[in-house]
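So this block is input18.cif, mmCIF, C-alpha atoms and all ligand atoms:
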data_target
#
loop_
_atom_site.label_atom_id
_atom_site.label_comp_id
_atom_site.auth_asym_id
_atom_site.auth_seq_id
_atom_site.Cartn_x
_atom_site.Cartn_y
_atom_site.Cartn_z
CA MET A 1 156.06 73.49 85.49
CA LEU A 2 154.73 71.88 88.69
CA ARG A 3 150.98 71.94 88.81
CA SER A 4 150.53 70.52 92.24
CA ASN A 5 148.32 73.32 93.45
CA ARG A 6 146.03 73.38 90.46
CA THR A 7 143.80 70.39 90.21
CA TYR A 8 141.49 71.84 87.59
CA SER A 9 141.52 74.79 85.33
CA VAL A 10 138.08 76.15 84.68
CA MET A 11 137.28 77.03 81.10
CA SER A 12 135.27 80.08 80.15
CA ASN A 13 132.24 77.92 79.36
CA GLY A 14 132.25 76.70 82.95
CA HIS A 15 133.38 73.16 82.27
CA SER A 16 136.25 72.06 84.40
CA LEU A 17 139.17 70.53 82.62
CA PHE A 18 141.73 68.18 84.08
CA MET A 19 145.12 69.54 84.74
CA ILE A 20 147.32 66.52 84.92
CA GLN A 21 149.31 66.44 88.13
CA ALA A 22 152.25 64.96 86.31
CA SER A 23 154.77 65.13 89.14
CA GLU A 24 152.35 63.66 91.66
CA LEU A 25 151.31 60.86 89.32
CA TYR A 26 154.92 60.06 88.55
CA ARG A 27 155.82 60.13 92.24
CA LEU A 28 152.90 57.79 92.99
CA GLN A 29 154.19 55.32 90.44
CA GLU A 30 157.69 55.51 91.92
CA ILE A 31 156.25 54.77 95.37
CA ASP A 32 154.13 51.90 94.07
CA LEU A 33 157.06 50.33 92.23
CA ASN A 34 159.17 50.74 95.33
CA VAL A 35 156.53 49.16 97.57
CA GLN A 36 156.30 46.28 95.14
CA GLN A 37 160.08 45.73 95.21
CA HIS A 38 160.00 45.80 99.02
CA HIS A 39 157.28 43.15 99.09
CA LYS A 40 159.16 40.95 96.66
CA ARG A 41 162.38 41.14 98.66
CA LEU A 42 160.54 40.61 101.97
CA ASP A 43 158.94 37.46 100.52
CA GLU A 44 162.38 36.20 99.45
CA ILE A 45 163.82 36.87 102.91
CA ALA A 46 160.86 35.22 104.64
CA ALA A 47 161.32 32.14 102.45
CA GLN A 48 165.05 31.99 103.23
CA LEU A 49 164.47 32.42 106.96
CA ALA A 50 161.72 29.80 106.97
CA ASP A 51 163.98 27.33 105.22
CA ASN A 52 165.79 26.11 108.34
CA LYS A 53 165.11 22.53 109.34
CA ALA A 54 167.20 22.50 112.54
CA LEU A 55 165.35 25.50 113.95
CA ALA A 56 161.95 24.16 112.87
CA ASP A 57 162.73 20.75 114.41
CA ALA A 58 163.86 22.33 117.68
CA GLN A 59 160.71 24.44 117.76
CA LYS A 60 158.57 21.37 117.14
CA GLN A 61 160.29 19.50 119.99
CA VAL A 62 159.39 22.34 122.38
CA THR A 63 155.78 22.24 121.21
CA ASP A 64 155.64 18.44 121.55
CA ASP A 65 157.15 18.50 125.04
CA GLN A 66 154.71 21.19 126.12
CA ALA A 67 151.87 19.05 124.75
CA VAL A 68 153.02 16.18 127.00
CA LEU A 69 153.45 18.32 130.11
CA THR A 70 150.20 20.31 130.06
CA PRO A 71 147.74 17.37 130.40
CA LEU A 72 149.93 15.81 133.12
CA GLN A 73 149.75 19.05 135.11
CA SER A 74 145.97 19.08 134.72
CA LYS A 75 145.83 15.47 135.87
CA VAL A 76 147.79 16.35 139.03
CA ARG A 77 145.39 19.21 139.83
CA LYS A 78 142.37 16.94 139.28
CA LEU A 79 143.83 14.19 141.49
CA GLU A 80 144.62 16.67 144.26
CA GLN A 81 141.06 17.99 144.12
CA ASP A 82 139.58 14.48 144.24
CA ILE A 83 141.79 13.50 147.17
CA LEU A 84 140.86 16.66 149.05
CA SER A 85 137.18 16.16 148.35
CA ASN A 86 137.38 12.51 149.57
CA SER A 87 139.23 13.60 152.73
CA ASN A 88 136.54 16.17 153.43
CA LYS A 89 133.87 13.52 153.02
CA VAL A 90 135.74 11.21 155.42
CA LYS A 91 135.98 14.04 157.94
CA GLU A 92 132.27 14.90 157.67
CA THR A 93 131.20 11.26 157.92
CA ASP A 94 133.57 10.73 160.85
CA GLU A 95 132.07 13.68 162.68
CA ALA A 96 128.55 12.50 161.99
CA LEU A 97 129.48 9.02 163.14
CA TYR A 98 130.73 10.23 166.53
CA SER A 99 128.17 12.96 166.99
CA GLY A 100 125.67 10.54 168.44
CA ARG A 101 122.95 11.82 166.15
CA VAL A 102 122.80 8.57 164.18
CA ARG A 103 121.61 5.58 166.15
CA ASN A 104 120.41 3.14 163.52
CA PRO A 105 123.07 0.31 163.47
CA LYS A 106 122.60 -0.30 159.73
CA GLU A 107 123.15 3.37 159.01
CA LEU A 108 126.19 3.47 161.31
CA GLN A 109 127.64 0.46 159.53
CA ASP A 110 127.08 2.06 156.13
CA MET A 111 128.88 5.16 157.32
CA GLN A 112 131.86 3.16 158.54
CA GLN A 113 131.98 1.32 155.25
CA GLU A 114 131.87 4.58 153.36
CA ILE A 115 134.81 5.91 155.37
CA GLN A 116 136.79 2.75 154.68
CA SER A 117 136.00 2.89 150.99
CA LEU A 118 136.91 6.59 150.73
CA LYS A 119 140.20 6.00 152.53
CA LYS A 120 140.99 3.07 150.24
CA ARG A 121 140.11 5.14 147.19
CA ASN A 122 142.35 7.95 148.41
CA GLN A 123 145.27 5.56 148.83
CA GLU A 124 144.85 4.52 145.21
CA LEU A 125 144.61 8.14 144.13
CA GLU A 126 147.74 9.05 146.15
CA ASP A 127 149.63 6.30 144.31
CA ILE A 128 148.44 7.62 140.94
CA LEU A 129 149.27 11.16 142.06
CA LEU A 130 152.81 10.17 142.99
CA GLU A 131 153.32 8.45 139.63
CA THR A 132 151.85 11.42 137.78
CA MET A 133 154.07 13.85 139.68
CA LEU A 134 157.11 11.82 138.65
CA SER A 135 155.91 12.05 135.05
CA VAL A 136 155.45 15.81 135.47
CA ASP A 137 159.05 16.06 136.69
CA GLU A 138 160.28 14.11 133.68
CA ALA A 139 158.18 16.13 131.24
CA THR A 140 159.31 19.41 132.85
CA ALA A 141 162.95 18.38 132.51
CA ALA A 142 162.38 17.41 128.87
CA LEU A 143 160.69 20.73 128.13
CA LYS A 144 163.48 22.66 129.83
CA ASP A 145 166.01 20.70 127.82
CA SER A 146 164.30 21.25 124.47
CA THR A 147 163.70 24.94 125.25
CA THR A 148 167.40 25.45 126.00
CA LYS A 149 168.30 23.63 122.80
CA PHE A 150 165.82 25.73 120.82
CA GLU A 151 167.15 29.01 122.29
CA THR A 152 170.71 27.98 121.42
CA ILE A 153 169.81 27.08 117.83
CA ARG A 154 167.78 30.27 117.48
CA ALA A 155 170.67 32.40 118.72
CA GLN A 156 173.01 30.67 116.25
CA PHE A 157 170.43 31.13 113.52
CA GLU A 158 170.03 34.82 114.30
CA THR A 159 173.78 35.37 114.26
CA ALA A 160 174.14 33.48 111.00
CA ASN A 161 171.22 35.37 109.45
CA LYS A 162 171.93 38.74 111.02
CA ASN A 163 172.27 40.44 107.65
CA LEU A 164 168.97 39.04 106.40
CA ILE A 165 167.16 39.93 109.63
CA ASP A 166 168.60 43.46 109.58
CA GLU A 167 167.57 43.85 105.96
CA GLN A 168 164.09 42.60 106.83
CA LYS A 169 163.78 45.19 109.62
CA ARG A 170 165.02 47.97 107.34
CA LEU A 171 162.66 46.97 104.50
CA ARG A 172 159.68 46.85 106.86
CA SER A 173 160.38 50.29 108.22
CA GLU A 174 161.00 51.71 104.73
CA GLY A 175 157.81 50.03 103.54
CA ASN A 176 155.83 51.73 106.31
CA ALA A 177 157.33 55.09 105.39
CA LEU A 178 156.44 54.52 101.73
CA LEU A 179 152.84 53.69 102.59
CA LYS A 180 152.63 56.84 104.69
CA SER A 181 153.88 59.05 101.86
CA ARG A 182 151.47 57.27 99.53
CA GLU A 183 148.59 58.12 101.87
CA GLN A 184 149.67 61.76 101.84
CA LEU A 185 150.03 61.82 98.07
CA ILE A 186 146.70 60.21 97.17
CA PRO A 187 144.44 63.20 98.07
CA THR A 188 146.49 65.49 95.81
CA ILE A 189 145.57 63.46 92.74
CA ASP A 190 142.20 63.60 91.02
CA PRO A 191 140.16 60.45 91.89
CA SER A 192 139.22 59.74 88.27
CA ILE A 193 142.87 59.86 87.22
CA LEU A 194 143.76 57.61 90.15
CA LYS A 195 141.16 55.12 89.01
CA ILE A 196 142.54 55.04 85.47
CA TYR A 197 146.06 54.66 86.86
CA SER A 198 145.04 51.79 89.18
CA ASN A 199 143.11 49.94 86.50
CA MET A 200 145.94 50.27 84.02
CA ARG A 201 148.75 49.18 86.37
CA PRO A 202 148.24 45.40 86.25
CA ARG A 203 147.93 45.46 82.47
CA LYS A 204 151.08 47.56 81.97
CA ASN A 205 153.55 45.62 84.07
CA ASN A 206 152.78 47.94 87.00
CA GLN A 207 154.04 50.89 85.01
CA ALA A 208 151.01 52.86 83.90
CA VAL A 209 152.86 56.15 83.60
CA ALA A 210 155.54 56.93 81.02
CA VAL A 211 157.47 60.13 80.50
CA LEU A 212 157.82 61.97 77.24
CA VAL A 213 161.57 62.06 76.60
CA ASN A 214 162.82 63.71 73.41
CA GLN A 215 159.40 63.26 71.81
CA SER A 216 159.39 59.54 72.64
CA CYS A 217 157.69 57.38 75.26
CA SER A 218 160.18 56.52 78.00
CA VAL A 219 158.90 52.95 78.28
CA CYS A 220 158.27 51.71 74.73
CA ARG A 221 160.64 54.27 73.12
CA VAL A 222 158.23 54.95 70.24
CA GLN A 223 158.31 58.50 68.91
CA GLN A 224 155.01 60.32 69.32
CA ASP A 225 153.01 62.38 66.82
CA MET A 226 153.12 66.14 67.11
CA ASN A 227 149.54 66.38 68.39
CA VAL A 228 150.28 63.86 71.15
CA ILE A 229 153.42 65.78 72.10
CA GLN A 230 151.54 69.05 72.25
CA ALA A 231 148.73 67.56 74.33
CA VAL A 232 151.19 66.03 76.77
CA ARG A 233 153.05 69.33 77.12
CA LYS A 234 149.82 71.23 77.74
CA GLY A 235 148.89 68.67 80.36
CA GLU A 236 145.23 69.62 80.24
CA SER A 237 143.92 66.14 79.76
CA LEU A 238 145.15 62.59 80.07
CA THR A 239 147.12 61.68 77.00
CA TYR A 240 148.24 58.19 76.17
CA CYS A 241 151.25 56.84 74.34
CA SER A 242 150.17 56.11 70.76
CA SER A 243 152.05 52.81 70.88
CA CYS A 244 151.91 51.21 74.36
CA GLY A 245 148.86 53.10 75.64
CA ARG A 246 150.46 54.30 78.88
CA ILE A 247 149.63 57.65 80.42
CA LEU A 248 152.20 60.03 78.98
CA ILE A 249 153.41 62.88 81.13
CA TYR A 250 155.80 65.72 80.61
CA ARG A 251 158.36 66.40 83.27
CA THR A 252 160.81 69.23 83.46
CA GLY A 253 163.79 68.73 85.65
ZN ZN B 301 154.78 53.91 75.11
#
Just dump the structure as structure tokens.
Ligand SMILES: [Zn+2]
Amino acid sequence: MLRSNRTYSVMSNGHSLFMIQASELYRLQEIDLNVQQHHKRLDEIAAQLADNKALADAQKQVTDDQAVLTPLQSKVRKLEQDILSNSNKVKETDEALYSGRVRNPKELQDMQQEIQSLKKRNQELEDILLETMLSVDEATAALKDSTTKFETIRAQFETANKNLIDEQKRLRSEGNALLKSREQLIPTIDPSILKIYSNMRPRKNNQAVAVLVNQSCSVCRVQQDMNVIQAVRKGESLTYCSSCGRILIYRTG
């Protein structure tokens, strides 16, 4: 009774009539319910894995230590550049001073003063650089320490939560496979039926499709009238449960 290859039957008057792809519609609902369960469980796992203060604290310490180290490293680079630039200026001024090109005593004096002042400034900068480099060493050691601690706690956490992490991996891969089969299934179902199914899902506890079982709706269990039963068995048009309003389908086997 599978009608997968017959989307429409064409009546003699030329109007097309839906043939309900019962198996496909039912399979779609199974996939959608399955996807939903996967999401629910993945959310639970994510919440359990996130709920670990020791790991979060260790992670935060690494971030904090990195935040201390990075600006210190930038400061070292800036100081080294400034010192180099001052040294170059000293060298240039020195060369100009002894080149014999400048003869004005006032100008010569200014140049000597500039050299003195640059050298003095560089001494100050060297002191700051030395201090900063010591701070960089300290911050690097702290970061190394907190990183080691974090790795240890993470390894312990992963061992302790191995089952959850494995389940998470399995659910993700199953979820991807489900979405793929959903993508393949969608084009085999008439778009207007899909739209009705999608609109109805949220209102019917995600179960828009029910099966006719022994003349009754499989979800609400209410026995159907004879005309409903016949229409469902013919499968020529969408038929709804007379009680809960779900799409009723007939499945054999
Ligand atoms: Zn029903």
- What separation in Å, quoted to one decimal, exists between CA of Val232 in chain A and CA of Ile249 in chain A?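 Separating CA of Val232 in chain A from CA of Ile249 in chain A is a distance of 5.8 Å.
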- Hey, which residues come within 8 Å of ligand ZN 301 (chain B) if we count only C-alpha atoms and all ligand atoms? Could you give them as a ChimeraX atom specification? /A:210,216-222,240-246,248
Just write the chosen residues, C-alpha atoms, as a compact mmCIF listing (two decimals), in the frame of the given file.
# COMPACT_ATOMS: atom_id res chain seq x y z
CA ALA A 210 155.54 56.93 81.02
CA SER A 216 159.39 59.54 72.64
CA CYS A 217 157.69 57.38 75.26
CA SER A 218 160.18 56.52 78.00
CA VAL A 219 158.90 52.95 78.28
CA CYS A 220 158.27 51.71 74.73
CA ARG A 221 160.64 54.27 73.12
CA VAL A 222 158.23 54.95 70.24
CA TYR A 240 148.24 58.19 76.17
CA CYS A 241 151.25 56.84 74.34
CA SER A 242 150.17 56.11 70.76
CA SER A 243 152.05 52.81 70.88
CA CYS A 244 151.91 51.21 74.36
CA GLY A 245 148.86 53.10 75.64
CA ARG A 246 150.46 54.30 78.88
CA LEU A 248 152.20 60.03 78.98
- Task: Quote the spacing between CA of Glu126 in chain A and CA of Val76 in chain A in Å to one decimal place.
- Result: 10.2 Å
- Task: Excluding range 110-117 of chain A and any residue of its chain fewer than 4 positions from it, enumerate the residues within 12 Å of it, using all atoms listed in the file, and give them as a PyMOL selection string.
- Result: chain A and resi 86-98+102-106+121-124
- A:Lys162, A:Arg170, A:Ile83, A:Asn34 ranked by distance to Asp127 in chain A, top pick (using all atoms listed in the file):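 Once distances to Asp127 in chain A are computed over all atoms listed in the file, the minimum belongs to A:Ile83.
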- Report the distance between CA of Gln223 in chain A and CA of Ser198 in chain A in Å, rounded to one decimal place. 25.1 Å
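Those residues that approach Ile45 in chain A to within 9 Å, counting only C-alpha atoms, are Leu164, Ile165, Glu167 and Gln168 of chain A; same-chain residues fewer than 6 positions away are not listed.
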- Which residues, written as a PyMOL selection string, have at least one atom at most 12 Å from Met200 in chain A, with all atoms listed in the file counted and residues fewer than 2 positions away on the same chain left out? chain A and resi 29+193-198+202-209+240+244-247
Output for the residues just chosen: C-alpha atoms as a compact mmCIF listing (two decimals), in the coordinates of the input:
# COMPACT_ATOMS: atom_id res chain seq x y z
CA GLN A 29 154.19 55.32 90.44
CA ILE A 193 142.87 59.86 87.22
CA LEU A 194 143.76 57.61 90.15
CA LYS A 195 141.16 55.12 89.01
CA ILE A 196 142.54 55.04 85.47
CA TYR A 197 146.06 54.66 86.86
CA SER A 198 145.04 51.79 89.18
CA PRO A 202 148.24 45.40 86.25
CA ARG A 203 147.93 45.46 82.47
CA LYS A 204 151.08 47.56 81.97
CA ASN A 205 153.55 45.62 84.07
CA ASN A 206 152.78 47.94 87.00
CA GLN A 207 154.04 50.89 85.01
CA ALA A 208 151.01 52.86 83.90
CA VAL A 209 152.86 56.15 83.60
CA TYR A 240 148.24 58.19 76.17
CA CYS A 244 151.91 51.21 74.36
CA GLY A 245 148.86 53.10 75.64
CA ARG A 246 150.46 54.30 78.88
CA ILE A 247 149.63 57.65 80.42
- Query: Between A:Ser23, A:Gln73, A:Gln215, A:Thr152, which has the minimum distance to Gly235 in chain A (counting all atoms listed in the file)?
  - Reply: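 Smallest separation from Gly235 in chain A among the options: A:Ser23.
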